[in-house]
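Here's entry_27.txt, which has compact mmCIF, N, CA and C atoms:
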# COMPACT_ATOMS: atom_id res chain seq x y z
N MET A 1 -137.80 70.38 -8.83
CA MET A 1 -138.21 69.35 -9.78
C MET A 1 -139.22 69.92 -10.77
N ALA A 2 -139.17 69.37 -11.96
CA ALA A 2 -140.08 69.80 -13.02
C ALA A 2 -141.13 68.72 -13.25
N LEU A 3 -142.02 68.59 -12.28
CA LEU A 3 -143.05 67.56 -12.36
C LEU A 3 -144.13 67.94 -13.36
N GLN A 4 -144.55 66.95 -14.13
CA GLN A 4 -145.68 67.14 -15.04
C GLN A 4 -146.69 66.04 -14.76
N GLN A 5 -147.95 66.42 -14.66
CA GLN A 5 -148.98 65.42 -14.47
C GLN A 5 -149.09 64.60 -15.76
N VAL A 6 -149.03 63.26 -15.61
CA VAL A 6 -149.07 62.40 -16.78
C VAL A 6 -150.32 61.52 -16.81
N PHE A 7 -151.08 61.51 -15.71
CA PHE A 7 -152.30 60.71 -15.66
C PHE A 7 -153.14 61.14 -14.47
N SER A 8 -154.45 61.18 -14.68
CA SER A 8 -155.37 61.50 -13.59
C SER A 8 -156.46 60.45 -13.54
N HIS A 9 -156.79 60.04 -12.35
CA HIS A 9 -157.79 59.00 -12.12
C HIS A 9 -158.56 59.40 -10.87
N LYS A 10 -159.74 58.86 -10.69
CA LYS A 10 -160.52 59.24 -9.50
C LYS A 10 -159.85 58.75 -8.21
N LEU A 11 -158.95 57.76 -8.30
CA LEU A 11 -158.28 57.25 -7.11
C LEU A 11 -156.94 57.94 -6.82
N ALA A 12 -156.23 58.34 -7.86
CA ALA A 12 -154.91 58.93 -7.67
C ALA A 12 -154.46 59.66 -8.94
N ASP A 13 -153.49 60.54 -8.76
CA ASP A 13 -152.86 61.24 -9.89
C ASP A 13 -151.41 60.80 -9.99
N LEU A 14 -150.90 60.79 -11.22
CA LEU A 14 -149.51 60.40 -11.48
C LEU A 14 -148.76 61.57 -12.11
N TYR A 15 -147.50 61.72 -11.70
CA TYR A 15 -146.64 62.80 -12.18
C TYR A 15 -145.29 62.21 -12.55
N PHE A 16 -144.56 62.91 -13.42
CA PHE A 16 -143.23 62.44 -13.82
C PHE A 16 -142.30 63.62 -14.03
N ASP A 17 -141.05 63.43 -13.62
CA ASP A 17 -139.97 64.38 -13.86
C ASP A 17 -138.91 63.63 -14.66
N SER A 18 -138.79 63.97 -15.95
CA SER A 18 -137.87 63.23 -16.83
C SER A 18 -136.40 63.48 -16.47
N GLU A 19 -136.08 64.65 -15.98
CA GLU A 19 -134.69 64.96 -15.63
C GLU A 19 -134.17 64.05 -14.52
N LYS A 20 -135.01 63.74 -13.56
CA LYS A 20 -134.60 62.91 -12.42
C LYS A 20 -135.09 61.46 -12.54
N SER A 21 -135.80 61.13 -13.62
CA SER A 21 -136.42 59.82 -13.79
C SER A 21 -137.24 59.48 -12.55
N TYR A 22 -138.09 60.44 -12.18
CA TYR A 22 -138.84 60.41 -10.93
C TYR A 22 -140.33 60.34 -11.21
N PHE A 23 -140.99 59.37 -10.60
CA PHE A 23 -142.42 59.11 -10.77
C PHE A 23 -143.09 59.37 -9.43
N GLU A 24 -144.27 59.95 -9.49
CA GLU A 24 -144.97 60.27 -8.25
C GLU A 24 -146.43 59.85 -8.37
N GLU A 25 -146.94 59.24 -7.32
CA GLU A 25 -148.33 58.82 -7.26
C GLU A 25 -148.95 59.47 -6.02
N ARG A 26 -150.03 60.21 -6.22
CA ARG A 26 -150.70 60.89 -5.11
C ARG A 26 -152.12 60.36 -5.00
N TRP A 27 -152.35 59.56 -3.95
CA TRP A 27 -153.66 58.96 -3.73
C TRP A 27 -154.65 59.99 -3.22
N LYS A 28 -155.92 59.76 -3.54
CA LYS A 28 -157.00 60.65 -3.13
C LYS A 28 -157.89 59.95 -2.09
N THR A 29 -158.61 60.74 -1.31
CA THR A 29 -159.48 60.18 -0.28
C THR A 29 -160.61 59.33 -0.88
N GLU A 30 -160.94 59.58 -2.15
CA GLU A 30 -161.98 58.79 -2.81
C GLU A 30 -161.64 57.31 -2.86
N SER A 31 -160.38 56.97 -2.63
CA SER A 31 -159.95 55.57 -2.65
C SER A 31 -160.65 54.74 -1.57
N GLU A 32 -161.20 55.40 -0.57
CA GLU A 32 -161.90 54.69 0.51
C GLU A 32 -163.06 53.86 -0.03
N TRP A 33 -163.71 54.33 -1.08
CA TRP A 33 -164.88 53.66 -1.61
C TRP A 33 -164.58 52.82 -2.85
N ALA A 34 -163.30 52.64 -3.15
CA ALA A 34 -162.93 51.87 -4.34
C ALA A 34 -163.24 50.39 -4.16
N THR A 35 -163.73 49.80 -5.23
CA THR A 35 -163.91 48.35 -5.24
C THR A 35 -162.57 47.71 -5.61
N ASP A 36 -162.48 46.41 -5.40
CA ASP A 36 -161.25 45.71 -5.80
C ASP A 36 -161.00 45.87 -7.30
N GLU A 37 -162.07 45.83 -8.08
CA GLU A 37 -161.93 45.97 -9.54
C GLU A 37 -161.44 47.37 -9.92
N GLU A 38 -161.93 48.39 -9.25
CA GLU A 38 -161.46 49.76 -9.52
C GLU A 38 -159.99 49.91 -9.13
N PHE A 39 -159.61 49.31 -8.01
CA PHE A 39 -158.22 49.36 -7.56
C PHE A 39 -157.32 48.66 -8.58
N LYS A 40 -157.73 47.48 -9.02
CA LYS A 40 -156.96 46.76 -10.03
C LYS A 40 -156.87 47.54 -11.34
N SER A 41 -157.99 48.09 -11.76
CA SER A 41 -158.02 48.86 -13.00
C SER A 41 -157.04 50.02 -12.95
N PHE A 42 -157.03 50.73 -11.83
CA PHE A 42 -156.08 51.84 -11.69
C PHE A 42 -154.65 51.32 -11.76
N GLN A 43 -154.37 50.22 -11.09
CA GLN A 43 -153.00 49.67 -11.09
C GLN A 43 -152.56 49.30 -12.50
N TYR A 44 -153.46 48.70 -13.27
CA TYR A 44 -153.12 48.36 -14.66
C TYR A 44 -152.85 49.63 -15.48
N GLU A 45 -153.66 50.65 -15.27
CA GLU A 45 -153.47 51.91 -15.99
C GLU A 45 -152.15 52.56 -15.58
N LYS A 46 -151.83 52.50 -14.29
CA LYS A 46 -150.56 53.06 -13.80
C LYS A 46 -149.37 52.35 -14.45
N ILE A 47 -149.46 51.04 -14.57
CA ILE A 47 -148.39 50.28 -15.21
C ILE A 47 -148.20 50.74 -16.65
N GLU A 48 -149.29 50.92 -17.37
CA GLU A 48 -149.19 51.37 -18.76
C GLU A 48 -148.53 52.75 -18.86
N VAL A 49 -148.87 53.64 -17.95
CA VAL A 49 -148.24 54.96 -17.93
C VAL A 49 -146.76 54.82 -17.60
N ALA A 50 -146.45 54.03 -16.59
CA ALA A 50 -145.05 53.87 -16.17
C ALA A 50 -144.19 53.24 -17.26
N LYS A 51 -144.78 52.39 -18.11
CA LYS A 51 -144.03 51.79 -19.21
C LYS A 51 -143.49 52.85 -20.17
N LYS A 52 -144.19 53.96 -20.28
CA LYS A 52 -143.74 55.04 -21.16
C LYS A 52 -142.52 55.77 -20.60
N TYR A 53 -142.39 55.79 -19.28
CA TYR A 53 -141.36 56.61 -18.63
C TYR A 53 -140.25 55.81 -17.98
N LEU A 54 -140.51 54.57 -17.58
CA LEU A 54 -139.53 53.70 -16.94
C LEU A 54 -138.73 54.42 -15.84
N PRO A 55 -139.42 54.87 -14.81
CA PRO A 55 -138.76 55.64 -13.75
C PRO A 55 -137.78 54.81 -12.93
N LYS A 56 -136.79 55.51 -12.39
CA LYS A 56 -135.83 54.90 -11.46
C LYS A 56 -136.21 55.19 -10.01
N LEU A 57 -136.91 56.30 -9.81
CA LEU A 57 -137.31 56.74 -8.47
C LEU A 57 -138.82 56.88 -8.42
N PHE A 58 -139.40 56.54 -7.26
CA PHE A 58 -140.86 56.55 -7.16
C PHE A 58 -141.27 57.01 -5.76
N LEU A 59 -142.07 58.05 -5.73
CA LEU A 59 -142.68 58.51 -4.47
C LEU A 59 -144.15 58.12 -4.52
N CYS A 60 -144.56 57.30 -3.57
CA CYS A 60 -145.95 56.88 -3.48
C CYS A 60 -146.55 57.57 -2.25
N ASP A 61 -147.35 58.58 -2.51
CA ASP A 61 -147.96 59.36 -1.44
C ASP A 61 -149.27 58.69 -1.03
N THR A 62 -149.22 57.92 0.04
CA THR A 62 -150.39 57.18 0.50
C THR A 62 -151.08 57.87 1.68
N ARG A 63 -150.74 59.13 1.93
CA ARG A 63 -151.34 59.82 3.08
C ARG A 63 -152.86 59.84 3.02
N TYR A 64 -153.43 59.87 1.82
CA TYR A 64 -154.89 59.90 1.69
C TYR A 64 -155.46 58.59 1.15
N LEU A 65 -154.61 57.58 1.03
CA LEU A 65 -155.08 56.27 0.59
C LEU A 65 -155.93 55.68 1.71
N LYS A 66 -157.14 55.30 1.38
CA LYS A 66 -158.07 54.73 2.37
C LYS A 66 -158.49 53.31 2.01
N TYR A 67 -158.03 52.82 0.88
CA TYR A 67 -158.36 51.46 0.43
C TYR A 67 -157.52 50.47 1.23
N VAL A 68 -158.16 49.55 1.93
CA VAL A 68 -157.45 48.53 2.69
C VAL A 68 -157.16 47.35 1.76
N ILE A 69 -155.90 46.98 1.67
CA ILE A 69 -155.46 45.93 0.76
C ILE A 69 -155.56 44.58 1.47
N VAL A 70 -156.61 43.84 1.16
CA VAL A 70 -156.85 42.54 1.80
C VAL A 70 -155.82 41.52 1.31
N PRO A 71 -155.63 40.41 2.05
CA PRO A 71 -154.59 39.43 1.68
C PRO A 71 -154.63 38.96 0.22
N GLU A 72 -155.82 38.70 -0.32
CA GLU A 72 -155.90 38.26 -1.71
C GLU A 72 -155.38 39.34 -2.67
N MET A 73 -155.70 40.59 -2.34
CA MET A 73 -155.24 41.70 -3.18
C MET A 73 -153.73 41.92 -2.98
N GLN A 74 -153.23 41.66 -1.78
CA GLN A 74 -151.79 41.76 -1.54
C GLN A 74 -151.04 40.79 -2.45
N GLU A 75 -151.56 39.58 -2.57
CA GLU A 75 -150.95 38.58 -3.45
C GLU A 75 -150.98 39.04 -4.90
N TRP A 76 -152.12 39.59 -5.32
CA TRP A 76 -152.25 40.09 -6.69
C TRP A 76 -151.27 41.23 -6.93
N LEU A 77 -151.16 42.16 -5.97
CA LEU A 77 -150.22 43.27 -6.10
C LEU A 77 -148.80 42.76 -6.28
N ASP A 78 -148.44 41.74 -5.51
CA ASP A 78 -147.10 41.18 -5.60
C ASP A 78 -146.85 40.59 -6.98
N LYS A 79 -147.80 39.80 -7.46
CA LYS A 79 -147.64 39.12 -8.75
C LYS A 79 -147.66 40.07 -9.94
N VAL A 80 -148.49 41.08 -9.88
CA VAL A 80 -148.67 41.96 -11.03
C VAL A 80 -147.89 43.27 -10.90
N VAL A 81 -148.20 44.04 -9.89
CA VAL A 81 -147.64 45.39 -9.79
C VAL A 81 -146.19 45.39 -9.33
N LEU A 82 -145.91 44.72 -8.21
CA LEU A 82 -144.54 44.72 -7.71
C LEU A 82 -143.60 43.99 -8.67
N ASN A 83 -144.09 42.96 -9.31
CA ASN A 83 -143.29 42.28 -10.32
C ASN A 83 -142.94 43.23 -11.46
N PHE A 84 -143.91 44.06 -11.86
CA PHE A 84 -143.63 45.06 -12.90
C PHE A 84 -142.50 45.99 -12.46
N TRP A 85 -142.60 46.55 -11.25
CA TRP A 85 -141.56 47.46 -10.77
C TRP A 85 -140.21 46.76 -10.69
N ASN A 86 -140.20 45.49 -10.30
CA ASN A 86 -138.95 44.73 -10.22
C ASN A 86 -138.31 44.54 -11.60
N THR A 87 -139.11 44.45 -12.64
CA THR A 87 -138.56 44.14 -13.96
C THR A 87 -138.15 45.37 -14.76
N ILE A 88 -138.59 46.56 -14.39
CA ILE A 88 -138.25 47.74 -15.21
C ILE A 88 -137.03 48.49 -14.71
N GLY A 89 -136.44 48.06 -13.61
CA GLY A 89 -135.25 48.72 -13.12
C GLY A 89 -135.49 49.84 -12.12
N LEU A 90 -136.66 49.83 -11.46
CA LEU A 90 -136.90 50.79 -10.40
C LEU A 90 -135.82 50.60 -9.34
N GLU A 91 -135.24 51.70 -8.87
CA GLU A 91 -134.16 51.62 -7.89
C GLU A 91 -134.63 51.90 -6.48
N LYS A 92 -135.45 52.93 -6.31
CA LYS A 92 -135.89 53.34 -4.97
C LYS A 92 -137.35 53.75 -4.98
N CYS A 93 -138.03 53.42 -3.88
CA CYS A 93 -139.42 53.81 -3.72
C CYS A 93 -139.62 54.31 -2.28
N ALA A 94 -140.16 55.50 -2.16
CA ALA A 94 -140.46 56.07 -0.85
C ALA A 94 -141.97 56.15 -0.70
N PHE A 95 -142.45 55.70 0.43
CA PHE A 95 -143.88 55.77 0.73
C PHE A 95 -144.12 56.82 1.80
N LEU A 96 -145.03 57.74 1.52
CA LEU A 96 -145.51 58.64 2.56
C LEU A 96 -146.63 57.91 3.27
N ILE A 97 -146.51 57.75 4.56
CA ILE A 97 -147.37 56.90 5.37
C ILE A 97 -148.82 57.35 5.35
N SER A 98 -149.72 56.36 5.20
CA SER A 98 -151.16 56.61 5.21
C SER A 98 -151.60 57.08 6.59
N THR A 99 -152.60 57.95 6.62
CA THR A 99 -153.16 58.41 7.88
C THR A 99 -154.07 57.35 8.49
N ASP A 100 -154.43 56.34 7.69
CA ASP A 100 -155.30 55.27 8.16
C ASP A 100 -154.44 54.06 8.56
N LEU A 101 -154.49 53.68 9.83
CA LEU A 101 -153.64 52.60 10.33
C LEU A 101 -153.86 51.28 9.59
N PHE A 102 -155.11 50.91 9.35
CA PHE A 102 -155.40 49.64 8.66
C PHE A 102 -154.85 49.64 7.24
N THR A 103 -154.98 50.77 6.57
CA THR A 103 -154.44 50.89 5.21
C THR A 103 -152.92 50.77 5.24
N GLN A 104 -152.27 51.44 6.19
CA GLN A 104 -150.82 51.41 6.28
C GLN A 104 -150.32 49.99 6.55
N VAL A 105 -150.94 49.30 7.48
CA VAL A 105 -150.54 47.93 7.80
C VAL A 105 -150.72 47.03 6.57
N SER A 106 -151.84 47.18 5.87
CA SER A 106 -152.08 46.35 4.68
C SER A 106 -151.06 46.65 3.58
N LEU A 107 -150.67 47.90 3.45
CA LEU A 107 -149.65 48.28 2.47
C LEU A 107 -148.30 47.65 2.82
N GLU A 108 -147.93 47.74 4.08
CA GLU A 108 -146.65 47.16 4.52
C GLU A 108 -146.64 45.65 4.33
N GLN A 109 -147.78 45.00 4.59
CA GLN A 109 -147.86 43.56 4.38
C GLN A 109 -147.70 43.22 2.89
N ALA A 110 -148.29 44.02 2.04
CA ALA A 110 -148.16 43.80 0.60
C ALA A 110 -146.71 43.95 0.16
N MET A 111 -146.02 44.93 0.71
CA MET A 111 -144.63 45.17 0.31
C MET A 111 -143.67 44.10 0.81
N THR A 112 -144.04 43.40 1.87
CA THR A 112 -143.14 42.37 2.41
C THR A 112 -143.55 40.97 2.00
N GLU A 113 -144.53 40.86 1.10
CA GLU A 113 -145.00 39.56 0.62
C GLU A 113 -143.83 38.77 0.03
N ASN A 114 -143.00 39.40 -0.78
CA ASN A 114 -141.80 38.79 -1.38
C ASN A 114 -140.71 39.86 -1.45
N ALA A 115 -139.50 39.42 -1.70
CA ALA A 115 -138.38 40.36 -1.79
C ALA A 115 -138.51 41.26 -3.01
N GLN A 116 -138.24 42.51 -2.84
CA GLN A 116 -138.27 43.46 -3.94
C GLN A 116 -136.83 43.72 -4.40
N LYS A 117 -136.66 43.99 -5.66
CA LYS A 117 -135.34 44.28 -6.21
C LYS A 117 -134.96 45.74 -5.97
N PHE A 118 -135.92 46.55 -5.61
CA PHE A 118 -135.66 47.97 -5.35
C PHE A 118 -135.70 48.22 -3.84
N ILE A 119 -135.03 49.29 -3.44
CA ILE A 119 -135.00 49.69 -2.04
C ILE A 119 -136.26 50.51 -1.76
N PHE A 120 -136.91 50.26 -0.63
CA PHE A 120 -138.07 51.07 -0.28
C PHE A 120 -138.04 51.41 1.21
N ARG A 121 -138.61 52.56 1.50
CA ARG A 121 -138.70 53.03 2.89
C ARG A 121 -140.00 53.78 3.07
N TYR A 122 -140.40 53.89 4.34
CA TYR A 122 -141.61 54.63 4.71
C TYR A 122 -141.22 55.91 5.42
N PHE A 123 -141.95 56.97 5.11
CA PHE A 123 -141.68 58.29 5.69
C PHE A 123 -142.98 58.95 6.13
N ASP A 124 -142.88 59.79 7.14
CA ASP A 124 -144.04 60.61 7.50
C ASP A 124 -143.79 62.07 7.13
N ASP A 125 -142.62 62.34 6.54
CA ASP A 125 -142.26 63.69 6.13
C ASP A 125 -141.84 63.68 4.66
N GLU A 126 -142.54 64.45 3.84
CA GLU A 126 -142.28 64.45 2.40
C GLU A 126 -140.88 64.96 2.05
N THR A 127 -140.40 65.97 2.76
CA THR A 127 -139.07 66.52 2.49
C THR A 127 -138.00 65.46 2.72
N GLN A 128 -138.12 64.71 3.80
CA GLN A 128 -137.15 63.64 4.07
C GLN A 128 -137.23 62.54 3.02
N ALA A 129 -138.44 62.21 2.61
CA ALA A 129 -138.63 61.18 1.58
C ALA A 129 -137.96 61.59 0.28
N LEU A 130 -138.17 62.84 -0.14
CA LEU A 130 -137.57 63.33 -1.38
C LEU A 130 -136.05 63.39 -1.27
N ARG A 131 -135.56 63.82 -0.13
CA ARG A 131 -134.10 63.90 0.08
C ARG A 131 -133.50 62.50 -0.05
N TRP A 132 -134.13 61.51 0.56
CA TRP A 132 -133.64 60.14 0.48
C TRP A 132 -133.70 59.61 -0.96
N LEU A 133 -134.81 59.88 -1.64
CA LEU A 133 -134.99 59.38 -3.01
C LEU A 133 -133.92 59.90 -3.96
N ILE A 134 -133.63 61.19 -3.89
CA ILE A 134 -132.71 61.76 -4.88
C ILE A 134 -131.25 61.70 -4.45
N ALA A 135 -130.98 61.17 -3.25
CA ALA A 135 -129.60 61.00 -2.82
C ALA A 135 -128.93 59.95 -3.70
N ASN A 136 -127.74 60.26 -4.17
CA ASN A 136 -127.01 59.33 -5.03
C ASN A 136 -126.25 58.28 -4.24
N ASP A 137 -125.96 58.57 -3.00
CA ASP A 137 -125.17 57.66 -2.17
C ASP A 137 -126.10 56.61 -1.57
N GLU A 138 -125.97 55.37 -2.02
CA GLU A 138 -126.85 54.29 -1.55
C GLU A 138 -126.64 53.98 -0.06
N THR A 139 -125.57 54.43 0.55
CA THR A 139 -125.36 54.16 1.96
C THR A 139 -126.28 55.01 2.83
N LYS A 140 -126.97 55.97 2.23
CA LYS A 140 -127.89 56.81 2.98
C LYS A 140 -129.28 56.21 3.11
N ASN A 141 -129.46 54.98 2.69
CA ASN A 141 -130.77 54.37 2.79
C ASN A 141 -130.92 53.82 4.17
Could you render the structure from this file as structure tokens?
Amino acid sequence: MALQQVFSHKLADLYFDSEKSYFEERWKTESEWATDEEFKSFQYEKIEVAKKYLPKLFLCDTRYLKYVIVPEMQEWLDKVVLNFWNTIGLEKCAFLISTDLFTQVSLEQAMTENAQKFIFRYFDDETQALRWLIANDETKN
């Protein structure tokens, strides 16, 4: 893949591969100390970046995500962020599982708040996640 960094933030970095219409988000350990406002601010900035590229595939590397998504923030994520992904034609999203159990559970709760139009799965192995993402055969999900 020909990934290019398209955005850097203290919470996470964003990358894009135009050939594969592939977007990547890599969370940083600094996310542990993020306020709700910082988390929201990053999400809004990510949406603006994603609007430029309109990816079909998305790898969300949450292995170092330490921000616990409380129920109120889960609702906000559903209304704002997940709604955005649903409307731009995202097809698949792979999550690399957080090393923090509370963060992982809160992420999964946020993703199941409402039905998503895109297929998503959780992985603990990056190679398997990438293989699944770039597979053209939808029966391999």
Using only C-alpha atoms, find each residue in segment 33-93 of chain A having at least one atom no more than 10 Å away from segment 102-125 of chain A; report its shortest atom-to-atom pair and that distance in Å (one decimal), rows by chain then rising number, as a tab-separated table.
residue	atom	partner	partner_atom	distance
A:Lys56	CA	A:Phe118	CA	9.2
A:Leu57	CA	A:Phe118	CA	9.5
A:Phe58	CA	A:Phe120	CA	9.2
A:Leu59	CA	A:Phe120	CA	9.7
A:Cys60	CA	A:Tyr122	CA	9.5
A:Asp61	CA	A:Phe123	CA	9.6
A:Thr62	CA	A:Gln104	CA	8.2
A:Arg63	CA	A:Asp124	CA	8.6
A:Tyr64	CA	A:Thr103	CA	9.7
A:Leu65	CA	A:Thr103	CA	7.1
A:Lys66	CA	A:Thr103	CA	6.0
A:Tyr67	CA	A:Thr103	CA	6.2
A:Val68	CA	A:Thr103	CA	4.6
A:Ile69	CA	A:Ser106	CA	5.2
A:Val70	CA	A:Ser106	CA	6.8
A:Pro71	CA	A:Ala110	CA	7.8
A:Glu72	CA	A:Ala110	CA	9.8
A:Met73	CA	A:Ala110	CA	8.3
A:Gln74	CA	A:Ala110	CA	4.7
A:Glu75	CA	A:Ala110	CA	7.2
A:Trp76	CA	A:Ala110	CA	9.1
A:Leu77	CA	A:Ala110	CA	7.0
A:Asp78	CA	A:Glu113	CA	6.8
A:Lys79	CA	A:Asn114	CA	9.4
A:Leu82	CA	A:Gln116	CA	7.4
A:Asn83	CA	A:Gln116	CA	8.2
A:Trp85	CA	A:Phe118	CA	8.0
A:Asn86	CA	A:Lys117	CA	5.4
A:Thr87	CA	A:Lys117	CA	8.4
A:Gly89	CA	A:Phe118	CA	7.8
A:Leu90	CA	A:Phe118	CA	5.9
A:Glu91	CA	A:Phe118	CA	4.7
A:Lys92	CA	A:Ile119	CA	4.8
A:Cys93	CA	A:Phe120	CA	4.6
I need the residues from that last selection saved to file as a compact mmCIF listing (two decimals), in the coordinates of the input (with N, CA and C atoms), if you can.
# COMPACT_ATOMS: atom_id res chain seq x y z
N LYS A 56 -136.79 55.51 -12.39
CA LYS A 56 -135.83 54.90 -11.46
C LYS A 56 -136.21 55.19 -10.01
N LEU A 57 -136.91 56.30 -9.81
CA LEU A 57 -137.31 56.74 -8.47
C LEU A 57 -138.82 56.88 -8.42
N PHE A 58 -139.40 56.54 -7.26
CA PHE A 58 -140.86 56.55 -7.16
C PHE A 58 -141.27 57.01 -5.76
N LEU A 59 -142.07 58.05 -5.73
CA LEU A 59 -142.68 58.51 -4.47
C LEU A 59 -144.15 58.12 -4.52
N CYS A 60 -144.56 57.30 -3.57
CA CYS A 60 -145.95 56.88 -3.48
C CYS A 60 -146.55 57.57 -2.25
N ASP A 61 -147.35 58.58 -2.51
CA ASP A 61 -147.96 59.36 -1.44
C ASP A 61 -149.27 58.69 -1.03
N THR A 62 -149.22 57.92 0.04
CA THR A 62 -150.39 57.18 0.50
C THR A 62 -151.08 57.87 1.68
N ARG A 63 -150.74 59.13 1.93
CA ARG A 63 -151.34 59.82 3.08
C ARG A 63 -152.86 59.84 3.02
N TYR A 64 -153.43 59.87 1.82
CA TYR A 64 -154.89 59.90 1.69
C TYR A 64 -155.46 58.59 1.15
N LEU A 65 -154.61 57.58 1.03
CA LEU A 65 -155.08 56.27 0.59
C LEU A 65 -155.93 55.68 1.71
N LYS A 66 -157.14 55.30 1.38
CA LYS A 66 -158.07 54.73 2.37
C LYS A 66 -158.49 53.31 2.01
N TYR A 67 -158.03 52.82 0.88
CA TYR A 67 -158.36 51.46 0.43
C TYR A 67 -157.52 50.47 1.23
N VAL A 68 -158.16 49.55 1.93
CA VAL A 68 -157.45 48.53 2.69
C VAL A 68 -157.16 47.35 1.76
N ILE A 69 -155.90 46.98 1.67
CA ILE A 69 -155.46 45.93 0.76
C ILE A 69 -155.56 44.58 1.47
N VAL A 70 -156.61 43.84 1.16
CA VAL A 70 -156.85 42.54 1.80
C VAL A 70 -155.82 41.52 1.31
N PRO A 71 -155.63 40.41 2.05
CA PRO A 71 -154.59 39.43 1.68
C PRO A 71 -154.63 38.96 0.22
N GLU A 72 -155.82 38.70 -0.32
CA GLU A 72 -155.90 38.26 -1.71
C GLU A 72 -155.38 39.34 -2.67
N MET A 73 -155.70 40.59 -2.34
CA MET A 73 -155.24 41.70 -3.18
C MET A 73 -153.73 41.92 -2.98
N GLN A 74 -153.23 41.66 -1.78
CA GLN A 74 -151.79 41.76 -1.54
C GLN A 74 -151.04 40.79 -2.45
N GLU A 75 -151.56 39.58 -2.57
CA GLU A 75 -150.95 38.58 -3.45
C GLU A 75 -150.98 39.04 -4.90
N TRP A 76 -152.12 39.59 -5.32
CA TRP A 76 -152.25 40.09 -6.69
C TRP A 76 -151.27 41.23 -6.93
N LEU A 77 -151.16 42.16 -5.97
CA LEU A 77 -150.22 43.27 -6.10
C LEU A 77 -148.80 42.76 -6.28
N ASP A 78 -148.44 41.74 -5.51
CA ASP A 78 -147.10 41.18 -5.60
C ASP A 78 -146.85 40.59 -6.98
N LYS A 79 -147.80 39.80 -7.46
CA LYS A 79 -147.64 39.12 -8.75
C LYS A 79 -147.66 40.07 -9.94
N LEU A 82 -145.91 44.72 -8.21
CA LEU A 82 -144.54 44.72 -7.71
C LEU A 82 -143.60 43.99 -8.67
N ASN A 83 -144.09 42.96 -9.31
CA ASN A 83 -143.29 42.28 -10.32
C ASN A 83 -142.94 43.23 -11.46
N TRP A 85 -142.60 46.55 -11.25
CA TRP A 85 -141.56 47.46 -10.77
C TRP A 85 -140.21 46.76 -10.69
N ASN A 86 -140.20 45.49 -10.30
CA ASN A 86 -138.95 44.73 -10.22
C ASN A 86 -138.31 44.54 -11.60
N THR A 87 -139.11 44.45 -12.64
CA THR A 87 -138.56 44.14 -13.96
C THR A 87 -138.15 45.37 -14.76
N GLY A 89 -136.44 48.06 -13.61
CA GLY A 89 -135.25 48.72 -13.12
C GLY A 89 -135.49 49.84 -12.12
N LEU A 90 -136.66 49.83 -11.46
CA LEU A 90 -136.90 50.79 -10.40
C LEU A 90 -135.82 50.60 -9.34
N GLU A 91 -135.24 51.70 -8.87
CA GLU A 91 -134.16 51.62 -7.89
C GLU A 91 -134.63 51.90 -6.48
N LYS A 92 -135.45 52.93 -6.31
CA LYS A 92 -135.89 53.34 -4.97
C LYS A 92 -137.35 53.75 -4.98
N CYS A 93 -138.03 53.42 -3.88
CA CYS A 93 -139.42 53.81 -3.72
C CYS A 93 -139.62 54.31 -2.28
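Note that atom CA of Asp100 of chain A and atom CA of Val6 of chain A are 26.7 Å apart.
In this structure, atom N of Ala129 of chain A sits 23.6 Å away from atom N of Ser8 of chain A.
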Residues flagged strand (DSSP E) by DSSP in segment 66-109 of chain A, as an MDAnalysis selection string: chainID A and resid 92:96
One decimal, Å: what's the distance from atom N of Phe7 of chain A over to atom CA of Tyr22 of chain A, could you say? 13.2 Å
Write out as JSON, numbers by chain which residues come within 6 Å of segment 17-19 of chain A when counting all atoms listed in the file, dropping same-chain ones fewer than 6 positions away. {"A": [2, 3, 4]}
Could you write out that same residue set with N, CA and C atoms as an mmCIF file, in the coordinates of the input?
data_model
loop_
_atom_site.group_PDB
_atom_site.id
_atom_site.type_symbol
_atom_site.label_atom_id
_atom_site.label_comp_id
_atom_site.auth_asym_id
_atom_site.auth_seq_id
_atom_site.Cartn_x
_atom_site.Cartn_y
_atom_site.Cartn_z
ATOM 1 N N ALA A 2 -139.170 69.370 -11.960
ATOM 2 C CA ALA A 2 -140.080 69.800 -13.020
ATOM 3 C C ALA A 2 -141.130 68.720 -13.250
ATOM 4 N N LEU A 3 -142.020 68.590 -12.280
ATOM 5 C CA LEU A 3 -143.050 67.560 -12.360
ATOM 6 C C LEU A 3 -144.130 67.940 -13.360
ATOM 7 N N GLN A 4 -144.550 66.950 -14.130
ATOM 8 C CA GLN A 4 -145.680 67.140 -15.040
ATOM 9 C C GLN A 4 -146.690 66.040 -14.760
#
Run DSSP on the backbone of this structure and report the residues of segment 23-129 of chain A it assigns to helix (DSSP H, G or I), as a count of residues only. 56
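For segment 46-50 of chain A, the non-local neighbours within 8 Å, defined as residues at least 2 positions apart in the same chain or in other chains and counting all atoms listed in the file, are A:Val6, A:Phe7, A:Leu14, A:Phe23, A:Lys40, A:Ser41, A:Phe42, A:Gln43, A:Tyr44, A:Lys52, A:Tyr53, A:Leu54, A:Pro55, A:Val81, A:Phe84, A:Trp85.
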Proximity to Thr29 of chain A - best of A:Thr99, A:Glu45, A:Lys51, A:Ile88, only C-alpha atoms: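 For Thr29 of chain A, the nearest of the given residues is A:Thr99.
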